[in-house]
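The block underneath contains the structure these notes are about, expressed in structure tokens.
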Amino acid sequence: MSNKVLIVDDEEEICRSMQLLLSAFDIEADYAFNHDEAIKQLSANSYKLVLSDIKMPGKDGIELVKSIRKQFGDQKVILMSGFSEYTLEEVKEMGVLDLYSKPLDMDSVLSNIQSILSH
Amino acid sequence: MKENNLVLEEIIDNIPYFVFWKDVNSNYLGCNKKFAESAGFSSPKDLVGKNDYDSCWTKEEADFFREIDKKVMRENRPMLNIEEPQQQLDGSTSTLLTSKVPLHDKEGNVIGILGIYTDITERKNLELDRERALKEIKDLQEQIIHTEKMRSLGEMAGGIAHEINNPLTIIKGYSSALTKLVEKDKHTKENLLDGLAKINETVERIGSIVKSLKTISHQEREDNLNYVDITKIIEDITSLSVEKFKANNISLKVEFKAPELKESQLLCNQVTLSQCLLNLLNNARDEVMKVHLRWIKIIVDYNDDSFTLQVIDSGSGITEENKSKIFQPFFTTKEVGKGTGIGLSLSKKLLEQQGAKIELCELSENTCFKIDFPRSSLQLAEKE
């Protein structure tokens with residue numbers, strides 16, 4: 001099983017900075033800017049974790065979780081948001097592991113991701 | 001003759017007014033019963049030959065009554081419906097509505113005055129009550145407008161959080177990444193320079209959001225007009241909305257109908273004008289969220305008579321029934337709790353204060369609000 005992470009955010013620089021940060025820990029990451037691109041990447045590659053923004057143009061992060069559950073079963077997902085209308089309890093009901101609020105606390109995000117990847 | 005006098009006396013006593021007449025020296029020649037009683041006498045006869053200082057009124061009141069008498073006789077002209085205060089036997093003060101006319105002999109010489117008055121204390125009190133009630137309503141309205149201003153500020157603050165949290169995440173992402181790369185000795189000169197440049201760019205992006213916010217929330221007098229770059233007005237309001245629109249799949253376009261407008265200035269109150277434009281954009285956003293195709297356009301244009309700003313959206317439009325109501329305070333089509341119905345009526349007031357008008361454009365098939373400034377408010381840049 002691959003140890004790769006898929007970052008989904010419509011802000012390119014958020015994707016690129018996270019990718020750079022993960023690279024410091026030898027964690028490989030790809031990124032997608034929206035729901036459809038993310039589904040395409042998930043179909044082509046295997047990922048240990050999807051880290052997705054909630055608010056995105058078109059179908060949002062919640063729609064993405066629904067599509068993932070339909071097509072990829074219990075794929076691990078963490079959501080993040082700058083101004084979320086959803087609570088952690090609500091997203092956990094969809095099998096989402098965690099809900100990060102932006103701006104992200106990078107140290108705890110990193111240790112979280114590392115512990116998920118090591119399992 | 002005697003019978004005639006009796007009839008006249010009967011009439012005068014029963015008129016529901018206070019009636020009296022005086023000679024040129026303001027001594028009483030006669031009065032009706034009502035008047036005699038109010039002056040503190042039991043019958044009209046007791047008052048004949050007396051003056052105002054002999055009655056129950058204060059010296060100031062007596063002086064005032066005699067002053068008016070003199071004026072009427074000197075100018076030989078009636079004074080009608082003068083409001084006067086008058087102390088009553090019980091010590092309370094009543095308000096009187098008095099008319100005084102000069103009396104003449106056969107030759108036309110002034111020989112005295114005739115006065116007639118009625119007590120309007122009750123009416124006056126009702127008027128005062130009404131004024132008080134009106135003031136209370138006005139205070140309440142101002143309070144509601146203030147609440148609405150605070151609400152839209154709160155809404156804007158929520159939007160700002162979204163606008164700023166994304167760039168903050170980018171800065172945090174790059175600074176953490178660079179720190180970890182250096183700690184682990186995995187950095188290259190390229191990724192350090194690239195990351196630092198990205199941090200710099202993003203700080204500037206936040207700076208411009210904060211700058212727009214500062215202009216728009218700045219407290220200033222509502223009648224304060226200045227020449228402002230039209231491009232700046234547009235950039236400030238779009239930079240406060242663009243993230244939110246992008247996240248909701250709404251395309252926001254700005255169209256300058258004439259290129260020289262980009263370099264031109266408008267005499268306006270930028271704070272309140274921006275509030276109105278943001279209010280229009282927020283309304284437009286709420287409307288386009290209900291449809292599949294989502295766009296909002298701002299059109300900047302001018303002609304010989306006016307300078308116009310139009311906000312057009314792809315929403316399903318305003319029903320005939322609602323068209324006449326949209327500028328009325330408290331009218332809203334939004335869900336309970338989502339809108340107070342003050343936004344447009346407040347915008348109308350704020351725009352009128354700077355000489356501008358706002359109207360719903362009937363010609364457009366989409367919803368279009370047009371803000372009209374007089375052409376004299378526009379300081380047009382030279383055409384290139």
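Identifiers for the structure tokens are assigned positionally: chains receive A, B, ... in sequence, residues are indexed from 1 per chain, and ligands are indexed from 1 in the order shown.
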Long-range neighbours of A:Val65 as a PyMOL selection string, 8 Å cut-off, only C-alpha atoms, 4 positions minimum in chain: chain A and resi 61+69+77+94+96
If the cut-off is 6 Å, can you tell me the residues of chain A near chain B, counting only C-alpha atoms? I'd like them as a short mmCIF file (atom, residue, chain, number, x, y, z; two decimals) with all heavy atoms, in the first residue's frame.
```cif
data_model
loop_
_atom_site.label_atom_id
_atom_site.label_comp_id
_atom_site.auth_asym_id
_atom_site.auth_seq_id
_atom_site.Cartn_x
_atom_site.Cartn_y
_atom_site.Cartn_z
N ILE A 14 -1.47 26.67 -1.16
CA ILE A 14 -1.68 25.83 0.03
C ILE A 14 -1.23 24.41 -0.30
O ILE A 14 -0.50 23.78 0.45
CB ILE A 14 -3.17 25.86 0.48
CG1 ILE A 14 -3.46 27.24 1.09
CG2 ILE A 14 -3.47 24.74 1.48
CD1 ILE A 14 -4.86 27.41 1.63
N SER A 17 2.73 24.40 -0.59
CA SER A 17 3.46 24.55 0.67
C SER A 17 3.33 23.29 1.53
O SER A 17 4.28 22.86 2.16
CB SER A 17 2.99 25.79 1.43
OG SER A 17 1.63 25.67 1.79
N MET A 18 2.13 22.69 1.51
CA MET A 18 1.94 21.44 2.26
C MET A 18 2.81 20.32 1.67
O MET A 18 3.40 19.52 2.40
CB MET A 18 0.48 21.00 2.21
CG MET A 18 -0.51 21.95 2.86
SD MET A 18 -0.42 21.92 4.64
CE MET A 18 -1.07 20.31 4.96
N LEU A 20 5.60 20.71 0.11
CA LEU A 20 6.99 20.98 0.47
C LEU A 20 7.26 20.56 1.91
O LEU A 20 8.29 19.94 2.23
CB LEU A 20 7.27 22.48 0.28
CG LEU A 20 8.73 22.92 0.38
CD1 LEU A 20 9.56 22.34 -0.76
CD2 LEU A 20 8.81 24.46 0.35
N LEU A 21 6.29 20.88 2.79
CA LEU A 21 6.43 20.53 4.21
C LEU A 21 6.53 19.02 4.38
O LEU A 21 7.40 18.51 5.09
CB LEU A 21 5.22 21.08 4.99
CG LEU A 21 5.16 20.75 6.48
CD1 LEU A 21 6.32 21.38 7.23
CD2 LEU A 21 3.84 21.24 7.07
N ALA A 24 9.82 17.36 3.56
CA ALA A 24 10.88 17.41 4.57
C ALA A 24 10.88 16.13 5.40
O ALA A 24 11.89 15.78 6.02
CB ALA A 24 10.69 18.64 5.46
N LYS A 55 -14.47 24.30 1.67
CA LYS A 55 -15.01 25.27 0.71
C LYS A 55 -14.19 25.28 -0.56
O LYS A 55 -13.03 25.70 -0.56
CB LYS A 55 -15.02 26.67 1.34
CG LYS A 55 -16.22 26.91 2.22
CD LYS A 55 -16.84 28.28 1.97
CE LYS A 55 -18.22 28.34 2.58
NZ LYS A 55 -18.97 29.52 2.17
N MET A 56 -14.80 24.81 -1.63
CA MET A 56 -14.12 24.82 -2.93
C MET A 56 -15.16 25.15 -3.99
O MET A 56 -16.34 24.83 -3.82
CB MET A 56 -13.50 23.45 -3.22
CG MET A 56 -12.27 23.14 -2.40
SD MET A 56 -11.52 21.58 -2.91
CE MET A 56 -12.75 20.40 -2.41
N PRO A 57 -14.73 25.78 -5.07
CA PRO A 57 -15.68 26.04 -6.15
C PRO A 57 -16.23 24.72 -6.69
O PRO A 57 -15.54 23.70 -6.68
CB PRO A 57 -14.83 26.72 -7.23
CG PRO A 57 -13.59 27.16 -6.55
CD PRO A 57 -13.38 26.26 -5.37
N GLY A 58 -17.46 24.72 -7.11
CA GLY A 58 -18.08 23.49 -7.61
C GLY A 58 -18.45 22.61 -6.43
O GLY A 58 -18.89 23.10 -5.40
N GLY A 82 -11.42 27.15 6.42
CA GLY A 82 -11.11 28.48 6.92
C GLY A 82 -12.25 29.06 7.75
O GLY A 82 -12.05 29.91 8.61
N PHE A 83 -13.44 28.58 7.50
CA PHE A 83 -14.61 29.18 8.16
C PHE A 83 -15.73 28.17 8.02
O PHE A 83 -16.59 28.30 7.19
CB PHE A 83 -14.96 30.49 7.45
CG PHE A 83 -15.85 31.37 8.26
CD1 PHE A 83 -15.38 31.98 9.41
CD2 PHE A 83 -17.16 31.61 7.87
CE1 PHE A 83 -16.19 32.80 10.17
CE2 PHE A 83 -17.98 32.44 8.63
CZ PHE A 83 -17.49 33.03 9.77
N LYS A 102 -8.27 26.39 9.51
CA LYS A 102 -7.19 27.21 8.98
C LYS A 102 -7.10 28.49 9.79
O LYS A 102 -8.15 29.00 10.22
CB LYS A 102 -7.48 27.57 7.52
CG LYS A 102 -7.33 26.41 6.56
CD LYS A 102 -7.73 26.91 5.18
CE LYS A 102 -7.59 25.81 4.13
NZ LYS A 102 -8.06 26.27 2.82
N PRO A 103 -5.98 29.13 10.00
CA PRO A 103 -4.68 28.63 9.57
C PRO A 103 -4.26 27.40 10.38
O PRO A 103 -4.49 27.37 11.58
CB PRO A 103 -3.75 29.82 9.86
CG PRO A 103 -4.49 30.72 10.79
CD PRO A 103 -5.93 30.44 10.65
N LEU A 104 -3.66 26.44 9.68
CA LEU A 104 -3.39 25.15 10.31
C LEU A 104 -2.25 25.23 11.32
O LEU A 104 -1.30 26.00 11.15
CB LEU A 104 -3.01 24.13 9.23
CG LEU A 104 -4.00 23.92 8.09
CD1 LEU A 104 -3.43 22.92 7.09
CD2 LEU A 104 -5.35 23.45 8.60
#
```
What residues in stretch 6-75 of chain A get the DSSP label alpha helix (DSSP H)? Please answer as number ranges by chain. A: 12-23, 35-44, 61-72
Restricting the calculation to only C-alpha atoms: of A:Gln71, A:Ser118, A:Asn112, A:Asn3, which residue gets closest to A:Leu42?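 Distance minimum relative to A:Leu42 lands on A:Gln71.
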What's the 9 Å shell around stretch 300-304 of chain B, counting only C-alpha atoms, without same-chain residues fewer than 6 positions away, as a ChimeraX atom specification? /B:230,254-258,261,310,375,378
Taking only C-alpha atoms into account, name the residue in A:Ile54, A:Leu97, A:Leu49, A:Leu64 that is nearest to A:Glu85. A:Ile54
I want to know what sits within 12 Å of stretch 83-91 of chain B, based on only C-alpha atoms, with residues of the same chain fewer than 3 positions away left out; could you give that as a PyMOL selection string? chain B and resi 35-41+52+55-65+68+79-80+94-100+117-121+124
Between atom CA of A:Asn45 and atom CA of A:Arg16, what distance in Å does the model show, to one decimal?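 Interatomic distance here is 18.8 Å.
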List every residue of stretch 27-83 of chain A that DSSP, applied to the backbone, labels as strand (DSSP E or B), and write the result as JSON, numbers by chain. {"A": [29, 30, 31, 32, 49, 50, 51, 52, 53, 77, 78, 79, 80, 81]}
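Atom pair atom CA of A:Glu93 / atom CA of B:His292: separated by 28.6 Å.
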What's the 8 Å shell around stretch 23-31 of chain B, counting only C-alpha atoms, without same-chain residues fewer than 3 positions away, as a ChimeraX atom specification? /B:18-20,35-36,44-45,47-52,66,69,73,110-113
My list of candidates is A:Ser81, A:Thr87, A:Ser111, A:Gln75. Which is closest to A:Ser46 when distances are computed with only C-alpha atoms?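 Selected residue with least distance to A:Ser46: A:Gln75.
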Just the number, please: distance in Å from atom CA of B:Ile299 to atom CA of B:Lys262, one decimal. 11.9 Å
So that I can see what lies close to A:Asp10, please list as a PyMOL selection string the residues with an atom at most 8 Å from it, counting only C-alpha atoms and leaving out residues fewer than 2 positions away in the same chain. chain A and resi 8+12+32-34+53+56-57
